[in-house]
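K.L.:
My structure is in protein_26.tsv, and what it holds is TSV, C-alpha atoms:
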```tsv
chain	number	residue	atom	x	y	z
C	1	GLY	CA	0.00	0.00	0.00
C	2	VAL	CA	0.96	3.61	-0.61
C	3	SER	CA	-0.62	6.75	0.80
C	4	ARG	CA	-0.02	10.50	0.71
C	5	GLY	CA	-1.07	12.80	3.54
C	6	PHE	CA	-1.31	16.53	4.25
C	7	HIS	CA	-1.52	18.47	7.53
C	8	ALA	CA	-1.84	22.26	7.66
C	9	PRO	CA	-0.55	24.17	10.72
C	10	THR	CA	-3.36	24.92	13.18
C	11	PRO	CA	-3.97	28.43	14.59
C	12	GLN	CA	-2.39	27.16	17.82
C	13	ASP	CA	0.69	25.98	15.89
C	14	LEU	CA	0.99	29.40	14.28
C	15	TYR	CA	0.10	31.90	17.00
C	16	GLU	CA	0.26	30.38	20.49
C	17	GLU	CA	2.36	32.57	22.77
C	18	GLY	CA	3.83	31.37	26.05
C	19	TYR	CA	1.16	28.91	27.22
C	20	GLY	CA	1.75	25.80	29.29
C	21	HIS	CA	0.31	23.52	31.93
C	22	GLY	CA	1.73	25.01	35.10
C	23	GLY	CA	5.29	23.70	34.69
C	24	THR	CA	8.38	25.48	33.45
C	25	ALA	CA	7.87	24.63	29.74
C	26	ARG	CA	6.03	27.21	27.62
C	27	ARG	CA	4.69	26.59	24.12
C	28	PHE	CA	5.10	29.12	21.32
C	29	GLY	CA	3.68	29.20	17.82
C	30	ASN	CA	5.52	30.08	14.64
C	31	PRO	CA	3.72	32.03	11.86
C	32	ASP	CA	6.38	30.87	9.35
C	33	LEU	CA	5.43	27.19	9.60
C	34	LYS	CA	4.95	25.24	6.38
C	35	PRO	CA	2.36	22.45	6.02
C	36	GLU	CA	3.39	18.85	6.58
C	37	TYR	CA	3.28	16.27	3.80
C	38	SER	CA	3.69	12.57	4.39
C	39	THR	CA	4.28	9.56	2.17
C	40	SER	CA	3.64	6.14	3.73
C	41	LEU	CA	4.45	2.68	2.43
C	42	TRP	CA	3.38	-0.61	3.98
C	43	PHE	CA	3.46	-4.31	3.21
C	44	ASP	CA	1.33	-6.92	4.93
C	45	ALA	CA	1.31	-10.68	4.38
C	46	THR	CA	-0.70	-13.50	5.95
C	47	TYR	CA	0.03	-17.22	5.73
C	48	LYS	CA	-2.62	-19.74	6.82
C	49	PRO	CA	-1.30	-23.32	6.57
C	50	THR	CA	-4.37	-24.80	8.30
C	51	GLU	CA	-7.84	-23.64	9.28
C	52	ASN	CA	-6.75	-23.18	12.90
C	53	LEU	CA	-3.33	-21.58	12.40
C	54	TRP	CA	-2.22	-18.38	10.74
C	55	PHE	CA	0.83	-16.11	10.68
C	56	ASN	CA	0.94	-12.43	9.80
C	57	THR	CA	3.79	-9.97	9.25
C	58	GLY	CA	3.80	-6.31	8.36
C	59	VAL	CA	6.26	-3.51	7.61
C	60	PHE	CA	5.40	0.20	7.75
C	61	TYR	CA	7.52	3.18	6.67
C	62	SER	CA	6.51	6.83	6.63
C	63	MET	CA	8.41	9.94	5.47
C	64	ILE	CA	7.08	13.23	6.83
C	65	ASP	CA	8.32	16.41	5.15
C	66	ASN	CA	8.31	19.67	7.14
C	67	PHE	CA	7.32	17.77	10.29
C	68	ILE	CA	5.97	20.27	12.86
C	69	VAL	CA	7.49	19.72	16.32
C	70	PRO	CA	8.23	21.94	19.32
C	71	VAL	CA	11.96	22.64	19.56
C	72	PHE	CA	13.65	23.73	22.78
C	73	GLU	CA	15.20	27.21	22.45
C	74	GLY	CA	16.41	27.88	25.97
C	75	MET	CA	15.09	30.30	28.58
C	76	TRP	CA	12.32	32.82	27.90
C	77	GLU	CA	13.55	36.43	27.87
C	78	GLU	CA	10.37	37.70	29.56
C	79	ASP	CA	10.62	35.16	32.39
C	80	THR	CA	13.94	33.37	32.84
C	81	THR	CA	12.32	30.69	35.02
C	82	LYS	CA	10.45	29.39	31.94
C	83	GLU	CA	11.72	27.48	28.89
C	84	VAL	CA	10.74	28.24	25.30
C	85	TRP	CA	9.45	25.40	23.12
C	86	ARG	CA	8.77	26.88	19.67
C	87	ARG	CA	7.05	24.93	16.92
C	88	THR	CA	9.43	24.40	14.02
C	89	ASN	CA	9.50	22.50	10.74
C	90	ILE	CA	12.15	19.81	10.59
C	91	LEU	CA	13.16	18.85	7.09
C	92	GLN	CA	12.08	15.24	7.23
C	93	ALA	CA	11.17	12.66	9.85
C	94	ASN	CA	11.20	8.95	9.09
C	95	ILE	CA	9.00	6.56	11.08
C	96	TYR	CA	9.20	2.82	10.60
C	97	SER	CA	7.88	-0.29	12.27
C	98	PHE	CA	7.79	-4.07	11.92
C	99	SER	CA	5.24	-6.47	13.37
C	100	ALA	CA	4.68	-10.22	13.40
C	101	SER	CA	1.81	-12.21	14.89
C	102	VAL	CA	0.45	-15.73	15.18
C	103	SER	CA	-2.95	-17.16	16.08
C	104	TYR	CA	-3.64	-20.82	16.88
C	105	THR	CA	-6.94	-22.43	17.84
C	106	PHE	CA	-6.87	-25.87	19.47
C	107	LEU	CA	-9.33	-28.30	21.04
C	108	ASN	CA	-12.12	-26.21	19.47
C	109	ALA	CA	-12.22	-24.07	22.60
C	110	PHE	CA	-8.86	-22.38	23.11
C	111	THR	CA	-7.13	-19.69	21.04
C	112	PHE	CA	-3.60	-18.46	21.53
C	113	ASP	CA	-2.64	-15.09	20.03
C	114	GLY	CA	0.88	-13.71	20.11
C	115	SER	CA	2.42	-10.63	18.55
C	116	TYR	CA	5.72	-8.77	18.43
C	117	SER	CA	6.29	-5.22	17.18
C	118	ILE	CA	9.20	-2.80	17.04
C	119	SER	CA	9.10	0.87	16.03
C	120	ASP	CA	11.65	3.64	15.64
C	121	SER	CA	11.87	7.13	14.21
C	122	LYS	CA	14.49	9.68	13.23
C	123	SER	CA	14.75	13.06	11.57
C	124	ILE	CA	17.40	13.32	8.88
C	125	ASP	CA	18.29	17.01	9.06
C	126	ASN	CA	19.31	17.61	12.68
C	127	GLU	CA	18.90	14.24	14.43
C	128	ARG	CA	15.78	15.60	16.12
C	129	LEU	CA	13.67	12.80	17.57
C	130	VAL	CA	9.90	12.71	17.34
C	131	PRO	CA	8.04	13.28	20.66
C	132	TYR	CA	7.44	9.62	21.49
C	133	ASN	CA	8.82	6.24	20.50
C	134	PRO	CA	6.84	3.09	21.40
C	135	GLY	CA	9.92	0.83	21.30
C	136	THR	CA	9.34	-2.93	21.37
C	137	ALA	CA	6.14	-4.67	22.46
C	138	ILE	CA	5.19	-8.30	22.99
C	139	ASP	CA	1.58	-9.33	23.49
C	140	LEU	CA	0.42	-12.82	24.50
C	141	LYS	CA	-3.21	-13.84	24.98
C	142	LEU	CA	-5.00	-17.12	25.71
C	143	THR	CA	-8.77	-17.23	25.27
C	144	ALA	CA	-11.08	-20.08	26.28
C	145	LYS	CA	-14.67	-20.38	25.07
C	146	GLN	CA	-17.52	-22.46	26.42
C	147	PHE	CA	-20.69	-22.63	24.37
C	148	LYS	CA	-23.89	-22.53	26.43
C	149	GLY	CA	-26.78	-23.12	24.07
C	150	ARG	CA	-27.44	-21.39	20.77
C	151	LYS	CA	-27.44	-17.78	21.92
C	152	VAL	CA	-25.12	-17.69	24.92
C	153	GLU	CA	-21.33	-17.92	24.86
C	154	VAL	CA	-19.03	-17.61	27.86
C	155	SER	CA	-15.34	-16.88	27.40
C	156	GLU	CA	-12.33	-16.19	29.61
C	157	PHE	CA	-8.93	-14.80	28.75
C	158	VAL	CA	-5.49	-14.14	30.18
C	159	ARG	CA	-3.33	-11.51	28.48
C	160	LEU	CA	0.24	-10.36	29.09
C	161	HIS	CA	1.54	-7.16	27.48
C	162	MET	CA	5.24	-6.25	27.72
C	163	ALA	CA	6.83	-3.00	26.49
C	164	GLN	CA	10.53	-2.13	26.38
C	165	GLY	CA	12.82	0.51	24.91
C	166	ARG	CA	10.31	3.36	24.99
C	167	TYR	CA	11.32	6.99	25.26
C	168	ALA	CA	9.69	10.40	25.17
C	169	TRP	CA	10.74	14.02	25.30
C	170	SER	CA	11.74	15.49	28.62
C	171	TRP	CA	9.85	18.75	29.04
C	172	LYS	CA	12.21	19.68	31.89
C	173	PRO	CA	15.70	19.60	30.33
C	174	ASP	CA	18.74	19.54	32.53
C	175	SER	CA	20.38	22.90	33.18
C	176	GLU	CA	23.50	21.61	31.40
C	177	TYR	CA	21.52	20.79	28.23
C	178	ASP	CA	23.37	21.60	25.00
C	179	LEU	CA	21.17	23.27	22.37
C	180	GLY	CA	23.25	21.56	19.69
C	181	ASP	CA	22.41	18.07	20.96
C	182	PRO	CA	18.63	17.48	20.74
C	183	SER	CA	19.01	13.84	21.78
C	184	GLY	CA	19.76	15.12	25.30
C	185	LEU	CA	16.08	15.99	25.67
C	186	THR	CA	14.84	12.40	25.68
C	187	THR	CA	13.78	10.46	28.75
C	188	ASN	CA	13.83	6.68	28.78
C	189	LEU	CA	10.49	5.32	29.98
C	190	ASN	CA	10.37	2.35	32.33
C	191	ASP	CA	9.75	-1.08	30.86
C	192	TYR	CA	6.55	-2.66	32.07
C	193	ASN	CA	4.55	-5.87	32.14
C	194	LYS	CA	0.75	-5.69	32.27
C	195	LEU	CA	-1.38	-8.74	33.06
C	196	ASP	CA	-5.14	-8.79	32.44
C	197	ALA	CA	-7.58	-11.59	33.07
```
Would you encode the structure as structure tokens?

P.N.:
Amino acid sequence: GVSRGFHAPTPQDLYEEGYGHGGTARRFGNPDLKPEYSTSLWFDATYKPTENLWFNTGVFYSMIDNFIVPVFEGMWEEDTTKEVWRRTNILQANIYSFSASVSYTFLNAFTFDGSYSISDSKSIDNERLVPYNPGTAIDLKLTAKQFKGRKVEVSEFVRLHMAQGRYAWSWKPDSEYDLGDPSGLTTNLNDYNKLDA
């Protein structure tokens, strides 16, 4: 598949001036912003060797031109206790991901579903990272079904979701932060395991 997308700057992107959420970071618009354009490519394939077993894999790649992101500019001249985050176009951001999954039904009552995905992103002009990276995720689920008559079905499930390697922007950069090194603004997010039943 191939798609082409367009995103115009919002009035907030263009004209916001010094707003925030009570912290030290303040958001600023930029009336010189250009619209974003994106081109996305993806490939998806499914293999089903038997009626009860199937495998799926997918690859996704997106190129975003003039990607609009807030960029840290240092302290605000009007209030030196606040930081300036001004929306800026970065030349191009590349986002890509890979996923694989399997589903297997056995004994006519149980279904196992498992999936693995990995995502990453990068901007090519100044190494600026996008605001969030989902990292790697593994999802495992076992479902059991009991049929109770023609119109009633009871099912139970156990699901484990694991996420690793995630990071996001730090909206409170260290005082030693180097404006020439945008990667210093990222914060590694804790890995986690989530169990549902």

K.L.:
By how many Å are CA of Tyr37 in chain C and CA of His7 in chain C apart?

P.N.:
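Here the two named atoms are 6.5 Å from each other.
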
K.L.:
Which residue out of C:Ala168, C:Val152, C:Ile68, C:Val59 has the minimum interatomic distance to Phe43 in chain C when only C-alpha atoms are used?

P.N.:
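Checking each of C:Ala168, C:Val152, C:Ile68, C:Val59 against Phe43 in chain C, counting only C-alpha atoms, the winner is C:Val59.
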
K.L.:
So, counting all atoms listed in the file, which residue among C:Gly23, C:Gly29, C:Gly165, C:Pro35 is closest to Pro9 in chain C?

P.N.:
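Among the listed residues, the smallest separation from Pro9 in chain C belongs to C:Pro35.
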
K.L.:
Show me a table, sorted first by chain and then by increasing residue number, of the residues of range 50-92 of chain C having an atom at most 10 Å from range 110-115 of chain C, each with its shortest atom pair and the distance in Å to one decimal, counting all atoms listed in the file and written as CSV.

P.N.:
```
residue,atom,partner,partner_atom,distance
C:Asn52,CA,C:Thr111,CA,8.9
C:Leu53,CA,C:Thr111,CA,9.6
C:Trp54,CA,C:Asp113,CA,9.9
C:Phe55,CA,C:Ser115,CA,9.7
C:Asn56,CA,C:Ser115,CA,9.1
C:Thr57,CA,C:Ser115,CA,9.4
```

K.L.:
Hey, can you pull every residue with an atom no more than 6 Å from (14.3, 12.6, 10.7), using all atoms listed in the file, and send it as a PDB file with C-alpha atoms, keeping the file's coordinate frame?

P.N.:
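And here's point.pdb as it stands now:
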```
ATOM      1  CA  GLN C  92      12.080  15.240   7.230  1.00  0.00           C
ATOM      2  CA  ALA C  93      11.170  12.660   9.850  1.00  0.00           C
ATOM      3  CA  ASN C  94      11.200   8.950   9.090  1.00  0.00           C
ATOM      4  CA  LYS C 122      14.490   9.680  13.230  1.00  0.00           C
ATOM      5  CA  SER C 123      14.750  13.060  11.570  1.00  0.00           C
ATOM      6  CA  ILE C 124      17.400  13.320   8.880  1.00  0.00           C
TER       7      ILE C 124
END
```

K.L.:
Can you work out the spacing between CA of Lys34 in chain C and CA of Ala8 in chain C in Å, to one decimal?

P.N.:
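Between CA of Lys34 in chain C and CA of Ala8 in chain C the gap works out to 7.5 Å.
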
K.L.:
Could you list, as a PyMOL selection string, every residue within 12 Å of Asp79 in chain C, counting all atoms listed in the file and ignoring same-chain residues fewer than 5 positions away?

P.N.:
chain C and resi 18+24-26+74+84

K.L.:
Let me see the file: selected residues, C-alpha atoms, as a compact mmCIF listing (two decimals), in the frame of the given file.

P.N.:
```
# COMPACT_ATOMS: atom_id res chain seq x y z
CA GLY C 18 3.83 31.37 26.05
CA THR C 24 8.38 25.48 33.45
CA ALA C 25 7.87 24.63 29.74
CA ARG C 26 6.03 27.21 27.62
CA GLY C 74 16.41 27.88 25.97
CA VAL C 84 10.74 28.24 25.30
```

K.L.:
Can you measure CA of Phe60 in chain C to CA of Ser99 in chain C for me? One decimal in Å is fine.

P.N.:
8.7 Å

K.L.:
Place a sphere of radius 10 Å on (7.5, 5.7, 12.2) in the file coordinates and name every protein, DNA or RNA residue with an atom inside or on its surface, counting all atoms listed in the file; give the answer as a CSV table (one decimal) with C-alpha atoms, in the frame of the given file.

P.N.:
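Listing of point11.csv after writing:
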```
chain,number,residue,atom,x,y,z
C,40,SER,CA,3.6,6.1,3.7
C,60,PHE,CA,5.4,0.2,7.8
C,61,TYR,CA,7.5,3.2,6.7
C,62,SER,CA,6.5,6.8,6.6
C,63,MET,CA,8.4,9.9,5.5
C,64,ILE,CA,7.1,13.2,6.8
C,93,ALA,CA,11.2,12.7,9.8
C,94,ASN,CA,11.2,9.0,9.1
C,95,ILE,CA,9.0,6.6,11.1
C,96,TYR,CA,9.2,2.8,10.6
C,97,SER,CA,7.9,-0.3,12.3
C,98,PHE,CA,7.8,-4.1,11.9
C,118,ILE,CA,9.2,-2.8,17.0
C,119,SER,CA,9.1,0.9,16.0
C,120,ASP,CA,11.6,3.6,15.6
C,121,SER,CA,11.9,7.1,14.2
C,122,LYS,CA,14.5,9.7,13.2
C,130,VAL,CA,9.9,12.7,17.3
C,133,ASN,CA,8.8,6.2,20.5
C,134,PRO,CA,6.8,3.1,21.4
```

K.L.:
So, with only C-alpha atoms as the atoms that count, which of C:Arg150, C:Arg87, C:Lys48, C:Lys82 lies closest to Val102 in chain C?

P.N.:
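Answer, going by the shortest atom-to-atom distance: C:Lys48.
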